[in-house]
file final-v4.cif (mmCIF, C-alpha atoms)
data_final
loop_
_atom_site.group_PDB
_atom_site.id
_atom_site.type_symbol
_atom_site.label_atom_id
_atom_site.label_comp_id
_atom_site.auth_asym_id
_atom_site.auth_seq_id
_atom_site.Cartn_x
_atom_site.Cartn_y
_atom_site.Cartn_z
ATOM 1 C CA MET S 1 0.000 0.000 0.000
ATOM 2 C CA GLN S 2 1.277 3.432 -0.922
ATOM 3 C CA LEU S 3 1.344 6.391 1.447
ATOM 4 C CA GLN S 4 0.057 9.732 0.178
ATOM 5 C CA PHE S 5 0.757 13.023 1.932
ATOM 6 C CA ALA S 6 -1.995 15.612 1.416
ATOM 7 C CA MET S 7 -0.705 19.133 1.984
ATOM 8 C CA ASP S 8 -3.516 21.507 2.924
ATOM 9 C CA THR S 9 -1.369 24.603 3.147
ATOM 10 C CA LEU S 10 -1.716 27.879 1.262
ATOM 11 C CA THR S 11 1.715 28.793 -0.102
ATOM 12 C CA THR S 12 4.165 27.094 -2.436
ATOM 13 C CA GLU S 13 6.985 27.863 -0.032
ATOM 14 C CA HIS S 14 5.300 26.066 2.849
ATOM 15 C CA ALA S 15 4.348 23.178 0.583
ATOM 16 C CA LEU S 16 7.949 22.734 -0.509
ATOM 17 C CA GLU S 17 9.071 22.829 3.116
ATOM 18 C CA LEU S 18 6.553 20.175 4.147
ATOM 19 C CA ALA S 19 7.205 17.987 1.106
ATOM 20 C CA GLY S 20 10.940 18.122 1.682
ATOM 21 C CA LYS S 21 10.542 16.750 5.199
ATOM 22 C CA ALA S 22 8.000 14.043 4.356
ATOM 23 C CA ALA S 23 9.300 12.923 0.953
ATOM 24 C CA PRO S 24 11.660 10.174 2.171
ATOM 25 C CA TYR S 25 8.701 8.329 3.705
ATOM 26 C CA VAL S 26 5.843 8.872 1.232
ATOM 27 C CA ASP S 27 5.073 7.680 -2.289
ATOM 28 C CA VAL S 28 2.615 10.352 -3.376
ATOM 29 C CA ILE S 29 2.716 14.096 -2.685
ATOM 30 C CA GLU S 30 -0.692 15.739 -2.905
ATOM 31 C CA LEU S 31 -1.289 19.420 -3.440
ATOM 32 C CA GLY S 32 -4.574 20.039 -1.669
ATOM 33 C CA THR S 33 -7.370 22.035 -3.273
ATOM 34 C CA PRO S 34 -6.824 25.136 -1.072
ATOM 35 C CA LEU S 35 -3.132 25.177 -2.027
ATOM 36 C CA ILE S 36 -3.840 25.067 -5.770
ATOM 37 C CA LYS S 37 -6.570 27.711 -5.461
ATOM 38 C CA SER S 38 -4.246 29.938 -3.452
ATOM 39 C CA ALA S 39 -0.924 29.441 -5.233
ATOM 40 C CA GLY S 40 -2.044 28.344 -8.695
ATOM 41 C CA LEU S 41 -0.741 25.713 -11.088
ATOM 42 C CA SER S 42 2.825 26.904 -10.567
ATOM 43 C CA ALA S 43 2.764 25.137 -7.202
ATOM 44 C CA ILE S 44 2.336 21.815 -9.018
ATOM 45 C CA THR S 45 5.366 22.552 -11.181
ATOM 46 C CA ALA S 46 7.462 23.588 -8.188
ATOM 47 C CA VAL S 47 6.692 20.407 -6.245
ATOM 48 C CA LYS S 48 7.277 18.141 -9.254
ATOM 49 C CA ASP S 49 10.586 19.874 -10.030
ATOM 50 C CA ALA S 50 11.666 19.430 -6.404
ATOM 51 C CA HIS S 51 10.550 15.781 -6.243
ATOM 52 C CA PRO S 52 10.666 14.288 -9.764
ATOM 53 C CA ASP S 53 10.798 10.756 -8.340
ATOM 54 C CA LYS S 54 7.473 11.140 -6.504
ATOM 55 C CA ILE S 55 3.931 10.850 -7.822
ATOM 56 C CA VAL S 56 2.483 14.369 -7.724
ATOM 57 C CA PHE S 57 -1.256 14.447 -7.083
ATOM 58 C CA ALA S 58 -3.209 17.602 -7.971
ATOM 59 C CA ASP S 59 -6.465 17.690 -6.039
ATOM 60 C CA LEU S 60 -8.443 19.893 -8.416
ATOM 61 C CA LYS S 61 -11.830 18.362 -7.498
ATOM 62 C CA THR S 62 -13.001 19.186 -11.000
ATOM 63 C CA MET S 63 -16.771 19.408 -11.494
ATOM 64 C CA ASP S 64 -16.918 20.613 -15.113
ATOM 65 C CA ALA S 65 -14.605 21.075 -18.117
ATOM 66 C CA GLY S 66 -12.890 17.814 -17.237
ATOM 67 C CA GLU S 67 -10.617 17.551 -20.247
ATOM 68 C CA LEU S 68 -9.475 21.179 -20.058
ATOM 69 C CA GLU S 69 -8.787 21.264 -16.341
ATOM 70 C CA ALA S 70 -7.000 17.924 -16.333
ATOM 71 C CA ASP S 71 -4.924 18.955 -19.339
ATOM 72 C CA ILE S 72 -3.574 22.130 -17.736
ATOM 73 C CA ALA S 73 -2.731 20.281 -14.530
ATOM 74 C CA PHE S 74 -0.855 17.565 -16.424
ATOM 75 C CA GLN S 75 1.014 20.215 -18.380
ATOM 76 C CA ALA S 76 2.029 21.756 -15.055
ATOM 77 C CA GLY S 77 3.575 18.457 -13.927
ATOM 78 C CA ALA S 78 0.822 16.528 -12.187
ATOM 79 C CA ASP S 79 0.806 12.736 -12.437
ATOM 80 C CA LEU S 80 -2.693 12.294 -11.017
ATOM 81 C CA VAL S 81 -5.625 14.716 -11.045
ATOM 82 C CA THR S 82 -8.955 14.473 -9.223
ATOM 83 C CA VAL S 83 -12.457 14.814 -10.613
ATOM 84 C CA LEU S 84 -15.484 14.702 -8.327
ATOM 85 C CA GLY S 85 -17.617 11.594 -8.377
ATOM 86 C CA VAL S 86 -20.751 13.737 -8.390
ATOM 87 C CA ALA S 87 -19.677 15.206 -11.740
ATOM 88 C CA GLY S 88 -21.308 13.943 -14.901
ATOM 89 C CA ASP S 89 -19.871 10.971 -16.746
ATOM 90 C CA SER S 90 -18.928 13.206 -19.685
ATOM 91 C CA THR S 91 -16.775 15.362 -17.389
ATOM 92 C CA ILE S 92 -14.976 12.298 -16.057
ATOM 93 C CA ALA S 93 -14.563 10.840 -19.545
ATOM 94 C CA GLY S 94 -13.089 14.124 -20.760
ATOM 95 C CA ALA S 95 -10.544 14.123 -17.949
ATOM 96 C CA VAL S 96 -9.640 10.508 -18.745
ATOM 97 C CA LYS S 97 -9.095 11.522 -22.383
ATOM 98 C CA ALA S 98 -6.591 14.179 -21.279
ATOM 99 C CA ALA S 99 -4.874 11.693 -18.966
ATOM 100 C CA LYS S 100 -4.389 9.201 -21.791
ATOM 101 C CA GLN S 101 -2.878 11.914 -23.988
ATOM 102 C CA HIS S 102 -0.314 12.665 -21.280
ATOM 103 C CA GLY S 103 0.236 9.096 -20.090
ATOM 104 C CA LYS S 104 -1.099 10.085 -16.660
ATOM 105 C CA GLY S 105 -4.116 9.183 -14.506
ATOM 106 C CA ILE S 106 -7.441 10.434 -13.156
ATOM 107 C CA VAL S 107 -8.633 9.750 -9.631
ATOM 108 C CA VAL S 108 -12.332 10.185 -8.847
ATOM 109 C CA ASP S 109 -12.953 11.688 -5.411
ATOM 110 C CA LEU S 110 -16.164 10.270 -3.970
ATOM 111 C CA ILE S 111 -16.646 12.946 -1.327
ATOM 112 C CA GLY S 112 -20.367 13.671 -0.967
ATOM 113 C CA VAL S 113 -21.446 10.642 -3.008
ATOM 114 C CA PRO S 114 -24.200 8.781 -1.110
ATOM 115 C CA ASP S 115 -23.502 5.318 -2.575
ATOM 116 C CA LYS S 116 -19.732 5.326 -2.906
ATOM 117 C CA ALA S 117 -19.375 1.637 -3.802
ATOM 118 C CA ALA S 118 -21.833 1.846 -6.700
ATOM 119 C CA ARG S 119 -20.383 5.060 -8.108
ATOM 120 C CA ALA S 120 -16.868 3.642 -7.793
ATOM 121 C CA LYS S 121 -17.784 0.827 -10.155
ATOM 122 C CA GLU S 122 -19.386 3.228 -12.630
ATOM 123 C CA VAL S 123 -16.445 5.606 -12.871
ATOM 124 C CA THR S 124 -13.865 2.822 -13.015
ATOM 125 C CA ALA S 125 -15.623 1.636 -16.162
ATOM 126 C CA LEU S 126 -14.902 5.096 -17.617
ATOM 127 C CA GLY S 127 -11.162 4.460 -17.347
ATOM 128 C CA VAL S 128 -10.070 6.211 -14.164
ATOM 129 C CA GLU S 129 -6.887 5.118 -12.384
ATOM 130 C CA PHE S 130 -8.639 4.537 -9.061
ATOM 131 C CA VAL S 131 -11.237 6.106 -6.779
ATOM 132 C CA GLU S 132 -10.840 7.871 -3.454
ATOM 133 C CA MET S 133 -13.092 6.879 -0.565
ATOM 134 C CA HIS S 134 -13.062 10.327 0.994
ATOM 135 C CA ALA S 135 -14.906 11.854 3.905
ATOM 136 C CA GLY S 136 -14.303 15.553 4.319
ATOM 137 C CA LEU S 137 -14.313 17.348 7.652
ATOM 138 C CA ASP S 138 -18.011 18.198 7.352
ATOM 139 C CA GLU S 139 -18.981 14.629 6.466
ATOM 140 C CA GLN S 140 -16.908 13.255 9.327
ATOM 141 C CA ALA S 141 -18.943 15.421 11.704
ATOM 142 C CA GLU S 142 -22.301 14.117 10.483
ATOM 143 C CA GLU S 143 -24.339 11.826 12.710
ATOM 144 C CA GLY S 144 -23.778 8.171 11.983
ATOM 145 C CA PHE S 145 -20.458 8.556 10.182
ATOM 146 C CA THR S 146 -17.666 6.216 11.164
ATOM 147 C CA PHE S 147 -14.251 5.684 9.608
ATOM 148 C CA GLU S 148 -15.182 2.046 9.070
ATOM 149 C CA THR S 149 -17.880 3.210 6.635
ATOM 150 C CA LEU S 150 -15.180 4.276 4.172
ATOM 151 C CA LEU S 151 -13.397 0.949 4.476
ATOM 152 C CA ARG S 152 -16.611 -0.999 3.930
ATOM 153 C CA ASP S 153 -17.418 1.087 0.865
ATOM 154 C CA GLY S 154 -13.961 0.436 -0.523
ATOM 155 C CA GLU S 155 -14.200 -3.291 0.017
ATOM 156 C CA ALA S 156 -17.704 -3.415 -1.457
ATOM 157 C CA SER S 157 -16.672 -1.528 -4.584
ATOM 158 C CA GLY S 158 -14.381 -4.288 -5.814
ATOM 159 C CA VAL S 159 -12.173 -1.708 -7.599
ATOM 160 C CA ASP S 160 -8.851 -0.001 -6.839
ATOM 161 C CA PHE S 161 -9.360 2.653 -4.164
ATOM 162 C CA SER S 162 -7.622 4.989 -1.764
ATOM 163 C CA VAL S 163 -8.892 6.114 1.636
ATOM 164 C CA ALA S 164 -8.804 9.684 2.930
ATOM 165 C CA GLY S 165 -10.391 11.132 6.028
ATOM 166 C CA GLY S 166 -8.740 11.063 9.413
ATOM 167 C CA ILE S 167 -6.021 8.463 8.844
ATOM 168 C CA THR S 168 -3.555 8.091 11.735
ATOM 169 C CA THR S 169 -1.078 5.492 12.958
ATOM 170 C CA ASP S 170 -3.995 3.961 14.883
ATOM 171 C CA THR S 171 -6.176 3.436 11.809
ATOM 172 C CA ILE S 172 -3.728 2.827 8.977
ATOM 173 C CA ALA S 173 -3.475 -0.936 9.613
ATOM 174 C CA ALA S 174 -7.235 -1.219 9.096
ATOM 175 C CA VAL S 175 -6.873 0.706 5.841
ATOM 176 C CA GLN S 176 -4.268 -1.748 4.636
ATOM 177 C CA ALA S 177 -6.406 -4.710 5.720
ATOM 178 C CA SER S 178 -9.306 -3.341 3.656
ATOM 179 C CA GLY S 179 -7.257 -3.754 0.492
ATOM 180 C CA ALA S 180 -6.762 -0.049 -0.188
ATOM 181 C CA ARG S 181 -4.211 0.844 -2.846
ATOM 182 C CA VAL S 182 -3.296 4.137 -1.151
ATOM 183 C CA ALA S 183 -3.659 5.596 2.346
ATOM 184 C CA VAL S 184 -3.989 9.381 2.332
ATOM 185 C CA ALA S 185 -2.746 11.228 5.409
ATOM 186 C CA GLY S 186 -2.974 14.977 5.779
ATOM 187 C CA SER S 187 -3.202 16.574 9.171
ATOM 188 C CA ALA S 188 -1.563 13.554 10.854
ATOM 189 C CA ILE S 189 1.612 14.676 9.077
ATOM 190 C CA TYR S 190 1.421 18.413 8.415
ATOM 191 C CA SER S 191 0.038 19.297 11.854
ATOM 192 C CA ALA S 192 2.700 17.302 13.700
ATOM 193 C CA ASP S 193 5.485 19.027 15.565
ATOM 194 C CA ASP S 194 7.940 16.858 13.636
ATOM 195 C CA VAL S 195 6.667 16.331 10.088
ATOM 196 C CA ALA S 196 9.388 13.866 9.127
ATOM 197 C CA ALA S 197 8.855 11.759 12.248
ATOM 198 C CA ALA S 198 5.087 11.688 11.680
ATOM 199 C CA ALA S 199 5.500 10.534 8.074
ATOM 200 C CA SER S 200 8.070 7.961 9.155
ATOM 201 C CA ALA S 201 5.721 6.602 11.829
ATOM 202 C CA LEU S 202 2.965 6.076 9.270
ATOM 203 C CA ARG S 203 5.408 4.334 6.928
ATOM 204 C CA ASP S 204 6.554 2.086 9.772
ATOM 205 C CA ALA S 205 2.933 1.262 10.629
ATOM 206 C CA ILE S 206 2.304 0.189 7.011
ATOM 207 C CA THR S 207 5.417 -1.986 7.036
ATOM 208 C CA ALA S 208 4.483 -3.565 10.362
ATOM 209 C CA SER S 209 0.932 -4.239 9.177
ATOM 210 C CA ALA S 210 2.185 -5.878 5.982
ATOM 211 C CA ALA S 211 4.526 -8.112 7.962
ATOM 212 C CA ALA S 212 1.859 -9.164 10.465
#
call {"tool": "encode", "arguments": {"input": "final-v4.cif", "output": "structure tokens"}}
result
Amino acid sequence: MQLQFAMDTLTTEHALELAGKAAPYVDVIELGTPLIKSAGLSAITAVKDAHPDKIVFADLKTMDAGELEADIAFQAGADLVTVLGVAGDSTIAGAVKAAKQHGKGIVVDLIGVPDKAARAKEVTALGVEFVEMHAGLDEQAEEGFTFETLLRDGEASGVDFSVAGGITTDTIAAVQASGARVAVAGSAIYSADDVAAAASALRDAITASAAA
């Protein structure tokens, strides 16, 4: 299972600082939506130039103009770009078209999708790289939500998926046991006093879980 670091910061400079500390322990470096909105596509280029050996994930959360938005992100250096699962199939198909032209991939973020397992199957048939079982901060606060819900949805989907939404060293073994392709950690890393140590601890937890 790969480890993805989601950076929800607002400046390229801070993103580069965080990425530099976490990079030895992560496989995927994600530029969060607020970062791209704040700093622009140049932030993608800066991170990819600094870490050419890492998968750079641009969390655009595209809802329309899928081919166009994916294309400009890939041109900027992104390896993976997100489209929302609530977007129309034509938007997702357009983004997939751009990905194929660049030899890159589209990830469908299922945040806000009521039946994540069913939609995961639908969008995978459109040619996306994988789907993200994602619960945002607002969804996590809703009555009845549990982290296990995301894992169950991933398992039920029967397709390649990542999990994002409150992953810590205490929950990452369960993510791996669910069969997830990628575990996405954000605040567990960037909010830590020691970013490198936090990323290393998550990597160690994945290794220990795999060996168990």
call {"tool": "resolve_selection", "arguments": {"input": "final-v4.cif", "expression": "the PyMOL selection byres ((chain S and resi 77) around 7)", "output": "PyMOL selection string"}}
result
chain S and resi 44-45+48+73-76+78-79
call {"tool": "residues_around", "arguments": {"input": "final-v4.cif", "residues": "Leu3 (chain S)", "least_positions_apart": "6", "cutoff": "10 Å", "atoms": "only C-alpha atoms", "output": "count of residues only"}}
result
16
call {"tool": "resolve_selection", "arguments": {"input": "final-v4.cif", "expression": "the PyMOL selection byres ((chain S and resi 80) around 9)", "output": "ChimeraX atom specification"}}
result
/S:55-59,70,73-74,78-79,81-82,99,104-107,129
call {"tool": "residues_around", "arguments": {"input": "final-v4.cif", "residues": "Ala201 (chain S)", "least_positions_apart": "6", "cutoff": "12 Å", "atoms": "all atoms listed in the file", "output": "list of chain:residue names"}}
result
S:Leu3, S:Ala22, S:Pro24, S:Tyr25, S:Val26, S:Thr168, S:Thr169, S:Asp170, S:Ile172, S:Ala185, S:Ala188, S:Ile189, S:Ala192, S:Asp194, S:Val195, S:Thr207, S:Ala208
call {"tool": "residues_around", "arguments": {"input": "final-v4.cif", "residues": "Gly179 (chain S)", "least_positions_apart": "2", "cutoff": "10 Å", "atoms": "only C-alpha atoms", "output": "PyMOL selection string"}}
result
chain S and resi 1+151+154-155+158-162+174-177+181-182
call {"tool": "atom_distance", "arguments": {"input": "final-v4.cif", "atom1": "CA of Gly66 (chain S)", "atom2": "CA of Val108 (chain S)"}}
result
11.4 Å
call {"tool": "resolve_selection", "arguments": {"input": "final-v4.cif", "expression": "the PyMOL selection byres ((chain S and resi 132) around 6)", "output": "PyMOL selection string"}}
result
chain S and resi 109-110+131+133-134+161-163
call {"tool": "closest_residue", "arguments": {"input": "final-v4.cif", "among": "S:Glu139, S:Asp71, S:Glu122, S:Glu17", "to": "Ala46 (chain S)", "atoms": "all atoms listed in the file"}}
result
S:Glu17
call {"tool": "closest_residue", "arguments": {"input": "final-v4.cif", "among": "S:Ser42, S:Gln101, S:Ser90, S:Gln4", "to": "Ser187 (chain S)", "atoms": "only C-alpha atoms"}}
result
S:Gln4
call {"tool": "atom_distance", "arguments": {"input": "final-v4.cif", "atom1": "CA of Tyr190 (chain S)", "atom2": "CA of Gly20 (chain S)"}}
result
11.7 Å
call {"tool": "atom_distance", "arguments": {"input": "final-v4.cif", "atom1": "CA of Gln2 (chain S)", "atom2": "CA of Ala117 (chain S)"}}
result
20.9 Å
call {"tool": "closest_residue", "arguments": {"input": "final-v4.cif", "among": "S:Ser200, S:Leu68, S:Ala120, S:Gly186", "to": "Leu31 (chain S)", "atoms": "all atoms listed in the file"}}
result
S:Gly186
call {"tool": "residues_around", "arguments": {"input": "final-v4.cif", "residues": "region 144-147 of chain S", "least_positions_apart": "4", "cutoff": "9 Å", "atoms": "all atoms listed in the file", "output": "short mmCIF file (atom, residue, chain, number, x, y, z; two decimals) with C-alpha atoms, in the coordinates of the input"}}
result
data_model
loop_
_atom_site.label_atom_id
_atom_site.label_comp_id
_atom_site.auth_asym_id
_atom_site.auth_seq_id
_atom_site.Cartn_x
_atom_site.Cartn_y
_atom_site.Cartn_z
CA ALA S 135 -14.91 11.85 3.90
CA GLU S 139 -18.98 14.63 6.47
CA GLN S 140 -16.91 13.26 9.33
CA LEU S 151 -13.40 0.95 4.48
CA GLY S 165 -10.39 11.13 6.03
CA GLY S 166 -8.74 11.06 9.41
CA ILE S 167 -6.02 8.46 8.84
CA THR S 171 -6.18 3.44 11.81
#
call {"tool": "closest_residue", "arguments": {"input": "final-v4.cif", "among": "S:Val86, S:Ala198, S:Gly127, S:Lys97", "to": "Ala23 (chain S)", "atoms": "all atoms listed in the file"}}
result
S:Ala198
call {"tool": "residues_around", "arguments": {"input": "final-v4.cif", "residues": "Val123 (chain S)", "least_positions_apart": "6", "cutoff": "8 Å", "atoms": "only C-alpha atoms", "output": "mmCIF file with C-alpha atoms, in the coordinates of the input"}}
result
data_model
loop_
_atom_site.group_PDB
_atom_site.id
_atom_site.type_symbol
_atom_site.label_atom_id
_atom_site.label_comp_id
_atom_site.auth_asym_id
_atom_site.auth_seq_id
_atom_site.Cartn_x
_atom_site.Cartn_y
_atom_site.Cartn_z
ATOM 1 C CA GLY S 85 -17.617 11.594 -8.377
ATOM 2 C CA ASP S 89 -19.871 10.971 -16.746
ATOM 3 C CA ILE S 92 -14.976 12.298 -16.057
ATOM 4 C CA VAL S 108 -12.332 10.185 -8.847
#
call {"tool": "closest_residue", "arguments": {"input": "final-v4.cif", "among": "S:Ser38, S:Val113, S:Asp193, S:Val128", "to": "Glu13 (chain S)", "atoms": "all atoms listed in the file"}}
result
S:Ser38
